[in-house]
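Engineer: Coordinates in target_15.pdb, PDB, C-alpha atoms, are listed below.
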ATOM      1  CA  ALA A   1       7.995  25.598  14.896
ATOM      2  CA  ILE A   2       4.285  25.142  14.610
ATOM      3  CA  VAL A   3       3.188  21.610  15.361
ATOM      4  CA  PHE A   4      -0.224  20.614  14.073
ATOM      5  CA  LYS A   5      -1.460  17.078  14.552
ATOM      6  CA  LEU A   6      -4.132  16.061  12.086
ATOM      7  CA  LYS A   7      -6.723  13.783  13.628
ATOM      8  CA  LYS A   8      -8.402  13.047  10.319
ATOM      9  CA  ARG A   9      -7.837  13.400   6.631
ATOM     10  CA  VAL A  10      -7.911  17.008   5.459
ATOM     11  CA  LYS A  11      -9.415  17.740   2.078
ATOM     12  CA  VAL A  12      -6.444  19.301   0.272
ATOM     13  CA  THR A  13      -8.077  19.739  -3.143
ATOM     14  CA  LYS A  14     -11.385  19.501  -4.897
ATOM     15  CA  LYS A  15     -12.427  16.014  -5.954
ATOM     16  CA  ILE A  16     -11.981  15.464  -9.687
ATOM     17  CA  LYS A  17     -15.278  14.910 -11.453
ATOM     18  CA  LYS A  18     -15.428  12.025 -13.894
ATOM     19  CA  GLU A  19     -15.813  14.385 -16.869
ATOM     20  CA  ASP A  20     -12.706  16.353 -15.817
ATOM     21  CA  LYS A  21     -10.350  13.362 -15.596
ATOM     22  CA  ILE A  22      -9.099  13.832 -19.168
ATOM     23  CA  MET A  23      -8.301  17.468 -18.386
ATOM     24  CA  TYR A  24      -6.612  16.851 -15.006
ATOM     25  CA  LEU A  25      -4.797  13.515 -15.284
ATOM     26  CA  ASP A  26      -1.446  12.870 -16.914
ATOM     27  CA  VAL A  27      -1.963   9.970 -19.339
ATOM     28  CA  MET A  28       1.503   8.442 -18.917
ATOM     29  CA  THR A  29       1.680   8.385 -15.103
ATOM     30  CA  ASN A  30      -1.960   8.684 -13.971
ATOM     31  CA  LEU A  31      -0.820  11.505 -11.689
ATOM     32  CA  LYS A  32      -2.500  14.877 -11.700
ATOM     33  CA  ASN A  33      -1.151  17.319 -14.294
ATOM     34  CA  ARG A  34      -0.320  21.021 -14.628
ATOM     35  CA  ASN A  35      -3.964  21.898 -15.417
ATOM     36  CA  PHE A  36      -4.900  20.428 -12.046
ATOM     37  CA  LEU A  37      -2.130  22.408 -10.358
ATOM     38  CA  ASN A  38      -3.163  25.667 -12.010
ATOM     39  CA  ASP A  39      -6.835  25.162 -11.123
ATOM     40  CA  ASN A  40      -6.076  24.215  -7.501
ATOM     41  CA  LEU A  41      -3.536  26.899  -6.555
ATOM     42  CA  ILE A  42      -6.337  29.193  -5.387
ATOM     43  CA  TYR A  43      -7.830  26.360  -3.340
ATOM     44  CA  TRP A  44      -4.446  25.555  -1.773
ATOM     45  CA  GLU A  45      -3.816  29.255  -1.101
ATOM     46  CA  ALA A  46      -7.126  29.436   0.802
ATOM     47  CA  ASN A  47      -6.122  26.517   3.035
ATOM     48  CA  LYS A  48      -5.255  27.805   6.512
ATOM     49  CA  VAL A  49      -4.017  24.510   7.963
ATOM     50  CA  TYR A  50      -0.264  24.761   8.622
ATOM     51  CA  PRO A  51       2.379  23.703   8.038
ATOM     52  CA  GLN A  52       2.054  23.120   4.318
ATOM     53  CA  THR A  53       4.979  21.909   2.236
ATOM     54  CA  ILE A  54       5.885  22.035  -1.423
ATOM     55  CA  VAL A  55       8.329  19.359  -2.588
ATOM     56  CA  ILE A  56       9.833  19.542  -6.086
ATOM     57  CA  VAL A  57      11.317  16.390  -7.641
ATOM     58  CA  ASP A  58      13.364  16.594 -10.834
ATOM     59  CA  LEU A  59      14.540  13.341 -12.414
ATOM     60  CA  ASN A  60      18.212  13.528 -13.324
ATOM     61  CA  ASP A  61      19.463  13.003 -16.875
ATOM     62  CA  ILE A  62      16.215  12.005 -18.604
ATOM     63  CA  SER A  63      17.613  13.648 -21.761
ATOM     64  CA  VAL A  64      20.681  11.365 -21.546
ATOM     65  CA  ILE A  65      18.392   8.323 -21.335
ATOM     66  CA  ASN A  66      16.277   9.617 -24.233
ATOM     67  CA  ASP A  67      19.381  10.293 -26.369
ATOM     68  CA  THR A  68      21.242   7.053 -25.610
ATOM     69  CA  LYS A  69      18.488   4.501 -24.943
ATOM     70  CA  GLY A  70      15.472   6.048 -26.691
ATOM     71  CA  HIS A  71      12.366   7.904 -25.588
ATOM     72  CA  GLU A  72      10.590   4.688 -24.555
ATOM     73  CA  GLU A  73      13.263   4.143 -21.899
ATOM     74  CA  GLY A  74      13.037   7.786 -20.814
ATOM     75  CA  ASP A  75       9.270   7.395 -20.477
ATOM     76  CA  ALA A  76       9.775   4.152 -18.528
ATOM     77  CA  GLN A  77      12.036   6.070 -16.118
ATOM     78  CA  ILE A  78       9.319   8.712 -15.608
ATOM     79  CA  VAL A  79       6.677   6.023 -15.024
ATOM     80  CA  ALA A  80       8.964   4.213 -12.540
ATOM     81  CA  ALA A  81       9.474   7.484 -10.642
ATOM     82  CA  ALA A  82       5.702   8.108 -10.597
ATOM     83  CA  LYS A  83       5.182   4.632  -9.115
ATOM     84  CA  ILE A  84       7.640   5.484  -6.338
ATOM     85  CA  LEU A  85       5.786   8.731  -5.636
ATOM     86  CA  ILE A  86       2.434   6.924  -5.556
ATOM     87  CA  SER A  87       3.685   4.085  -3.332
ATOM     88  CA  THR A  88       5.200   6.543  -0.822
ATOM     89  CA  GLN A  89       2.361   9.096  -0.946
ATOM     90  CA  ARG A  90       1.381  10.485   2.434
ATOM     91  CA  GLU A  91      -2.124  11.279   3.595
ATOM     92  CA  ASN A  92      -3.182  14.901   3.082
ATOM     93  CA  SER A  93      -1.072  15.323  -0.039
ATOM     94  CA  GLU A  94      -1.323  15.703  -3.785
ATOM     95  CA  ILE A  95       1.240  14.654  -6.394
ATOM     96  CA  VAL A  96       1.388  16.517  -9.710
ATOM     97  CA  ARG A  97       3.501  15.865 -12.792
ATOM     98  CA  THR A  98       4.295  19.462 -13.695
ATOM     99  CA  ASN A  99       6.314  18.765 -16.852
ATOM    100  CA  GLY A 100       8.313  16.013 -18.542
ATOM    101  CA  ASN A 101      10.584  14.954 -15.706
ATOM    102  CA  GLU A 102       9.422  17.177 -12.857
ATOM    103  CA  PHE A 103       6.900  16.540 -10.099
ATOM    104  CA  LEU A 104       5.393  18.684  -7.361
ATOM    105  CA  ILE A 105       4.101  17.293  -4.078
ATOM    106  CA  TYR A 106       1.822  19.374  -1.856
ATOM    107  CA  LEU A 107       1.558  18.181   1.756
ATOM    108  CA  VAL A 108      -0.533  19.554   4.611
ATOM    109  CA  GLY A 109       0.031  19.189   8.348
ATOM    110  CA  TYR A 110       3.498  17.622   8.525
ATOM    111  CA  GLU A 111       6.295  18.844  10.796
ATOM    112  CA  GLU A 112       9.702  19.529   9.245
ATOM    113  CA  LYS A 113      11.247  16.399  10.782
ATOM    114  CA  SER A 114       8.576  14.281   9.092
ATOM    115  CA  ILE A 115       9.098  16.082   5.763
ATOM    116  CA  ALA A 116      12.884  15.577   5.968
ATOM    117  CA  THR A 117      12.349  11.849   6.633
ATOM    118  CA  TYR A 118       9.930  11.637   3.690
ATOM    119  CA  VAL A 119      12.346  13.435   1.332
ATOM    120  CA  ASN A 120      15.235  11.191   2.434
ATOM    121  CA  LYS A 121      13.083   8.125   1.765
ATOM    122  CA  LEU A 122      12.252   9.453  -1.714
ATOM    123  CA  MET A 123      15.937  10.097  -2.442
ATOM    124  CA  LYS A 124      16.807   6.500  -1.474
ATOM    125  CA  GLU A 125      13.976   5.115  -3.608
ATOM    126  CA  PHE A 126      14.996   7.235  -6.628
ATOM    127  CA  LYS A 127      18.558   5.887  -6.421
ATOM    128  CA  ASN A 128      17.043   2.486  -7.292
ATOM    129  CA  LEU A 129      15.589   3.731 -10.576
ATOM    130  CA  PRO A 130      17.038   2.161 -13.729
ATOM    131  CA  TYR A 131      20.334   3.769 -14.886
ATOM    132  CA  ASN A 132      21.098   5.018 -11.346
ATOM    133  CA  TYR A 133      20.688   8.714 -12.195
ATOM    134  CA  GLY A 134      18.346   9.342  -9.293
ATOM    135  CA  ALA A 135      16.562  12.636  -8.771
ATOM    136  CA  SER A 136      17.128  16.059  -7.271
ATOM    137  CA  VAL A 137      14.676  17.155  -4.609
ATOM    138  CA  GLY A 138      13.984  20.456  -2.872
ATOM    139  CA  TYR A 139      11.258  21.511  -0.478
ATOM    140  CA  HIS A 140       9.929  24.568   1.279
ATOM    141  CA  MET A 141       7.537  24.770   4.203
ATOM    142  CA  ILE A 142       4.727  27.266   4.634
ATOM    143  CA  THR A 143       4.047  28.020   8.295
ATOM    144  CA  SER A 144       1.739  31.017   7.929
ATOM    145  CA  GLU A 145      -0.206  32.926   5.320
ATOM    146  CA  SER A 146       2.722  35.317   4.870
ATOM    147  CA  THR A 147       4.217  32.733   2.458
ATOM    148  CA  THR A 148       2.257  32.044  -0.711
ATOM    149  CA  ILE A 149       2.155  28.764  -2.591
ATOM    150  CA  ASP A 150       4.043  30.469  -5.455
ATOM    151  CA  ASP A 151       6.760  31.623  -3.015
ATOM    152  CA  ALA A 152       7.076  28.073  -1.677
ATOM    153  CA  ILE A 153       7.265  26.619  -5.200
ATOM    154  CA  ASN A 154      10.019  29.086  -6.128
ATOM    155  CA  GLU A 155      11.987  28.351  -2.933
ATOM    156  CA  ALA A 156      11.612  24.573  -3.412
ATOM    157  CA  LEU A 157      12.775  24.927  -7.041
ATOM    158  CA  LYS A 158      15.800  26.929  -5.884
ATOM    159  CA  LYS A 159      16.717  24.261  -3.307
ATOM    160  CA  MET A 160      16.186  21.483  -5.854
ATOM    161  CA  ARG A 161      18.547  23.230  -8.309
ATOM    162  CA  GLU A 162      21.160  23.675  -5.559
ATOM    163  CA  ASN A 163      20.864  19.958  -4.749
ATOM    164  CA  LYS A 164      21.178  19.096  -8.463
ATOM    165  CA  GLU A 165      24.472  21.014  -8.669
ATOM    166  CA  ASN A 166      25.929  19.201  -5.619
TER
END
Go ahead and render the structure in this file as structure tokens.
Structural biologist:
Amino acid sequence: AIVFKLKKRVKVTKKIKKEDKIMYLDVMTNLKNRNFLNDNLIYWEANKVYPQTIVIVDLNDISVINDTKGHEEGDAQIVAAAKILISTQRENSEIVRTNGNEFLIYLVGYEEKSIATYVNKLMKEFKNLPYNYGASVGYHMITSESTTIDDAINEALKKMRENKEN
């Protein structure tokens, strides 16, 4: 395994200009949105600091909450999850709300042991969300340029779906 200790903060994405905030920020959660992800994939792909990790978080049963308690409660669940992600955010990372109940976290410079600890912490925190549905999480590490960001996203999605089924 490649071990890379970061001595200082690494710039993982371009800074959002004031005029671009409407385009790049999710209104409900204040997290970055899919536009931000799409516009930064090239930037992330060019990053040669390893390891890099993609974490996918999918909130469980948001549709059940929406159908039984109403969309306001479903939205409240999403906002509560976003607050957990923000409060546990690591340095050298970005958090993106990719769609309704799914989030992507991009981390740079963390060993697998540290990522596993982070994911376990997230899982514990998500169990405390209202309605106790929790979330399903999957991650994939990039250790060299032979793995693309898209490959890592697809692998993390696959692991998240496997975890959702279990």
Engineer: Hey, could you make a per-residue contact list for range 85-124 of chain A against range 29-32 of chain A with 12 Å as the cut-off, showing the nearest pair of atoms and its distance in Å to one decimal, counting only C-alpha atoms, sorted by chain and number, as a tab-separated table?
Structural biologist:
residue	atom	partner	partner_atom	distance
A:Leu85	CA	A:Leu31	CA	9.4
A:Ile86	CA	A:Leu31	CA	8.3
A:Gln89	CA	A:Leu31	CA	11.5
A:Ser93	CA	A:Lys32	CA	11.8
A:Glu94	CA	A:Lys32	CA	8.0
A:Ile95	CA	A:Lys32	CA	6.5
A:Val96	CA	A:Lys32	CA	4.7
A:Arg97	CA	A:Lys32	CA	6.2
A:Thr98	CA	A:Lys32	CA	8.4
A:Asn99	CA	A:Lys32	CA	10.9
A:Gly100	CA	A:Thr29	CA	10.7
A:Asn101	CA	A:Thr29	CA	11.1
A:Glu102	CA	A:Leu31	CA	11.8
A:Phe103	CA	A:Leu31	CA	9.4
A:Leu104	CA	A:Lys32	CA	9.8
A:Ile105	CA	A:Lys32	CA	10.4
A:Tyr106	CA	A:Lys32	CA	11.7
Engineer: Got time to write the residues from that selection, C-alpha atoms, as a PDB file, keeping the file's coordinate frame?
Structural biologist:
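Result file out_15.pdb:
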ATOM      1  CA  LEU A  85       5.786   8.731  -5.636  1.00  0.00           C
ATOM      2  CA  ILE A  86       2.434   6.924  -5.556  1.00  0.00           C
ATOM      3  CA  GLN A  89       2.361   9.096  -0.946  1.00  0.00           C
ATOM      4  CA  SER A  93      -1.072  15.323  -0.039  1.00  0.00           C
ATOM      5  CA  GLU A  94      -1.323  15.703  -3.785  1.00  0.00           C
ATOM      6  CA  ILE A  95       1.240  14.654  -6.394  1.00  0.00           C
ATOM      7  CA  VAL A  96       1.388  16.517  -9.710  1.00  0.00           C
ATOM      8  CA  ARG A  97       3.501  15.865 -12.792  1.00  0.00           C
ATOM      9  CA  THR A  98       4.295  19.462 -13.695  1.00  0.00           C
ATOM     10  CA  ASN A  99       6.314  18.765 -16.852  1.00  0.00           C
ATOM     11  CA  GLY A 100       8.313  16.013 -18.542  1.00  0.00           C
ATOM     12  CA  ASN A 101      10.584  14.954 -15.706  1.00  0.00           C
ATOM     13  CA  GLU A 102       9.422  17.177 -12.857  1.00  0.00           C
ATOM     14  CA  PHE A 103       6.900  16.540 -10.099  1.00  0.00           C
ATOM     15  CA  LEU A 104       5.393  18.684  -7.361  1.00  0.00           C
ATOM     16  CA  ILE A 105       4.101  17.293  -4.078  1.00  0.00           C
ATOM     17  CA  TYR A 106       1.822  19.374  -1.856  1.00  0.00           C
TER      18      TYR A 106
END
Engineer: Just give me the gap between CA of Ser136 in chain A and CA of Leu59 in chain A in Å, one decimal is fine.
Structural biologist: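 Taking CA of Ser136 in chain A as the start and CA of Leu59 in chain A as the end point, the length is 6.4 Å.
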Engineer: Please measure the separation of CA of Glu111 in chain A and CA of Gln52 in chain A, giving the value in Å to one decimal.
Structural biologist: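 Computing it gives 8.8 Å between the two atoms.
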Engineer: Give me, please, the distance in Å between CA of Ile62 in chain A and CA of Val79 in chain A, quoted to one decimal.
Structural biologist: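 CA of Val79 in chain A lies 11.8 Å from CA of Ile62 in chain A.
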Engineer: If we count all atoms listed in the file, what is near Tyr131 in chain A at a cut-off of 10 Å, once residues fewer than 5 positions away on the same chain are taken out, given as an mmCIF file with C-alpha atoms, in the coordinates of the input?
Structural biologist:
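The file below, result11.cif, is the result:
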data_model
loop_
_atom_site.group_PDB
_atom_site.id
_atom_site.type_symbol
_atom_site.label_atom_id
_atom_site.label_comp_id
_atom_site.auth_asym_id
_atom_site.auth_seq_id
_atom_site.Cartn_x
_atom_site.Cartn_y
_atom_site.Cartn_z
ATOM 1 C CA ASP A 61 19.463 13.003 -16.875
ATOM 2 C CA ILE A 62 16.215 12.005 -18.604
ATOM 3 C CA ILE A 65 18.392 8.323 -21.335
ATOM 4 C CA GLU A 73 13.263 4.143 -21.899
ATOM 5 C CA GLN A 77 12.036 6.070 -16.118
#
Engineer: Take every atom of range 105-120 of chain A listed in the file, pad by 4 Å on each side, and give me the axis-aligned box centre and edge lengths in Å, one decimal, as AutoDock Vina command-line options.
Structural biologist:
--center_x 7.4 --center_y 15.4 --center_z 3.4 --size_x 23.8 --size_y 16.4 --size_z 22.9
Engineer: Show me the residues close to (9.1, 18.6, 4.7) - anything with an atom within 10 Å, counting all atoms listed in the file - and format the list as a PyMOL selection string.
Structural biologist: chain A and resi 51-55+106-120+138-142
Engineer: Written as a ChimeraX atom specification, which residues does the PyMOL selection byres ((chain A and resi 160) around 6) give for the file shown?
Structural biologist: /A:136-138,157-159,161-163
Engineer: Kindly resolve the PyMOL selection byres ((chain A and resi 21) around 12) on the present coordinates and return the residues as a PyMOL selection string.
Structural biologist: chain A and resi 15-20+22-27+30-33+35-36
Engineer: Store the residues picked out above in a file with C-alpha atoms, as a PDB file, in the coordinates of the input.
Structural biologist:
ATOM      1  CA  LYS A  15     -12.427  16.014  -5.954  1.00  0.00           C
ATOM      2  CA  ILE A  16     -11.981  15.464  -9.687  1.00  0.00           C
ATOM      3  CA  LYS A  17     -15.278  14.910 -11.453  1.00  0.00           C
ATOM      4  CA  LYS A  18     -15.428  12.025 -13.894  1.00  0.00           C
ATOM      5  CA  GLU A  19     -15.813  14.385 -16.869  1.00  0.00           C
ATOM      6  CA  ASP A  20     -12.706  16.353 -15.817  1.00  0.00           C
ATOM      7  CA  ILE A  22      -9.099  13.832 -19.168  1.00  0.00           C
ATOM      8  CA  MET A  23      -8.301  17.468 -18.386  1.00  0.00           C
ATOM      9  CA  TYR A  24      -6.612  16.851 -15.006  1.00  0.00           C
ATOM     10  CA  LEU A  25      -4.797  13.515 -15.284  1.00  0.00           C
ATOM     11  CA  ASP A  26      -1.446  12.870 -16.914  1.00  0.00           C
ATOM     12  CA  VAL A  27      -1.963   9.970 -19.339  1.00  0.00           C
ATOM     13  CA  ASN A  30      -1.960   8.684 -13.971  1.00  0.00           C
ATOM     14  CA  LEU A  31      -0.820  11.505 -11.689  1.00  0.00           C
ATOM     15  CA  LYS A  32      -2.500  14.877 -11.700  1.00  0.00           C
ATOM     16  CA  ASN A  33      -1.151  17.319 -14.294  1.00  0.00           C
ATOM     17  CA  ASN A  35      -3.964  21.898 -15.417  1.00  0.00           C
ATOM     18  CA  PHE A  36      -4.900  20.428 -12.046  1.00  0.00           C
TER      19      PHE A  36
END
Engineer: Kindly output range 82-99 of chain A as a PDB file, in the coordinates of the input, after building N, CA and C atoms.
Structural biologist:
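selection19.pdb, freshly written:
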ATOM      1  N   ALA A  82       7.090   7.857 -11.009  1.00  0.00           N
ATOM      2  CA  ALA A  82       5.702   8.108 -10.597  1.00  0.00           C
ATOM      3  C   ALA A  82       5.214   7.000  -9.668  1.00  0.00           C
ATOM      4  N   LYS A  83       5.584   5.759  -9.977  1.00  0.00           N
ATOM      5  CA  LYS A  83       5.182   4.632  -9.115  1.00  0.00           C
ATOM      6  C   LYS A  83       5.784   4.771  -7.723  1.00  0.00           C
ATOM      7  N   ILE A  84       7.019   5.240  -7.644  1.00  0.00           N
ATOM      8  CA  ILE A  84       7.640   5.484  -6.338  1.00  0.00           C
ATOM      9  C   ILE A  84       6.858   6.558  -5.587  1.00  0.00           C
ATOM     10  N   LEU A  85       6.527   7.642  -6.284  1.00  0.00           N
ATOM     11  CA  LEU A  85       5.786   8.731  -5.636  1.00  0.00           C
ATOM     12  C   LEU A  85       4.425   8.246  -5.140  1.00  0.00           C
ATOM     13  N   ILE A  86       3.757   7.437  -5.935  1.00  0.00           N
ATOM     14  CA  ILE A  86       2.434   6.924  -5.556  1.00  0.00           C
ATOM     15  C   ILE A  86       2.555   5.961  -4.373  1.00  0.00           C
ATOM     16  N   SER A  87       3.557   5.081  -4.407  1.00  0.00           N
ATOM     17  CA  SER A  87       3.685   4.085  -3.332  1.00  0.00           C
ATOM     18  C   SER A  87       4.125   4.702  -2.011  1.00  0.00           C
ATOM     19  N   THR A  88       4.743   5.879  -2.055  1.00  0.00           N
ATOM     20  CA  THR A  88       5.200   6.543  -0.822  1.00  0.00           C
ATOM     21  C   THR A  88       4.314   7.734  -0.453  1.00  0.00           C
ATOM     22  N   GLN A  89       3.214   7.918  -1.183  1.00  0.00           N
ATOM     23  CA  GLN A  89       2.361   9.096  -0.946  1.00  0.00           C
ATOM     24  C   GLN A  89       1.838   9.105   0.489  1.00  0.00           C
ATOM     25  N   ARG A  90       1.882  10.277   1.083  1.00  0.00           N
ATOM     26  CA  ARG A  90       1.381  10.485   2.434  1.00  0.00           C
ATOM     27  C   ARG A  90      -0.075  10.943   2.375  1.00  0.00           C
ATOM     28  N   GLU A  91      -0.779  10.728   3.487  1.00  0.00           N
ATOM     29  CA  GLU A  91      -2.124  11.279   3.595  1.00  0.00           C
ATOM     30  C   GLU A  91      -2.025  12.792   3.518  1.00  0.00           C
ATOM     31  N   ASN A  92      -3.125  13.440   3.158  1.00  0.00           N
ATOM     32  CA  ASN A  92      -3.182  14.901   3.082  1.00  0.00           C
ATOM     33  C   ASN A  92      -2.121  15.457   2.138  1.00  0.00           C
ATOM     34  N   SER A  93      -2.034  14.844   0.956  1.00  0.00           N
ATOM     35  CA  SER A  93      -1.072  15.323  -0.039  1.00  0.00           C
ATOM     36  C   SER A  93      -1.619  15.123  -1.442  1.00  0.00           C
ATOM     37  N   GLU A  94      -1.027  15.840  -2.360  1.00  0.00           N
ATOM     38  CA  GLU A  94      -1.323  15.703  -3.785  1.00  0.00           C
ATOM     39  C   GLU A  94       0.007  15.608  -4.515  1.00  0.00           C
ATOM     40  N   ILE A  95       0.044  14.788  -5.565  1.00  0.00           N
ATOM     41  CA  ILE A  95       1.240  14.654  -6.394  1.00  0.00           C
ATOM     42  C   ILE A  95       0.862  15.080  -7.806  1.00  0.00           C
ATOM     43  N   VAL A  96       1.668  15.967  -8.390  1.00  0.00           N
ATOM     44  CA  VAL A  96       1.388  16.517  -9.710  1.00  0.00           C
ATOM     45  C   VAL A  96       2.622  16.347 -10.594  1.00  0.00           C
ATOM     46  N   ARG A  97       2.410  15.853 -11.808  1.00  0.00           N
ATOM     47  CA  ARG A  97       3.501  15.865 -12.792  1.00  0.00           C
ATOM     48  C   ARG A  97       3.412  17.216 -13.483  1.00  0.00           C
ATOM     49  N   THR A  98       4.379  18.086 -13.207  1.00  0.00           N
ATOM     50  CA  THR A  98       4.295  19.462 -13.695  1.00  0.00           C
ATOM     51  C   THR A  98       4.862  19.626 -15.098  1.00  0.00           C
ATOM     52  N   ASN A  99       5.823  18.788 -15.467  1.00  0.00           N
ATOM     53  CA  ASN A  99       6.314  18.765 -16.852  1.00  0.00           C
ATOM     54  C   ASN A  99       7.021  17.434 -17.069  1.00  0.00           C
TER      55      ASN A  99
END
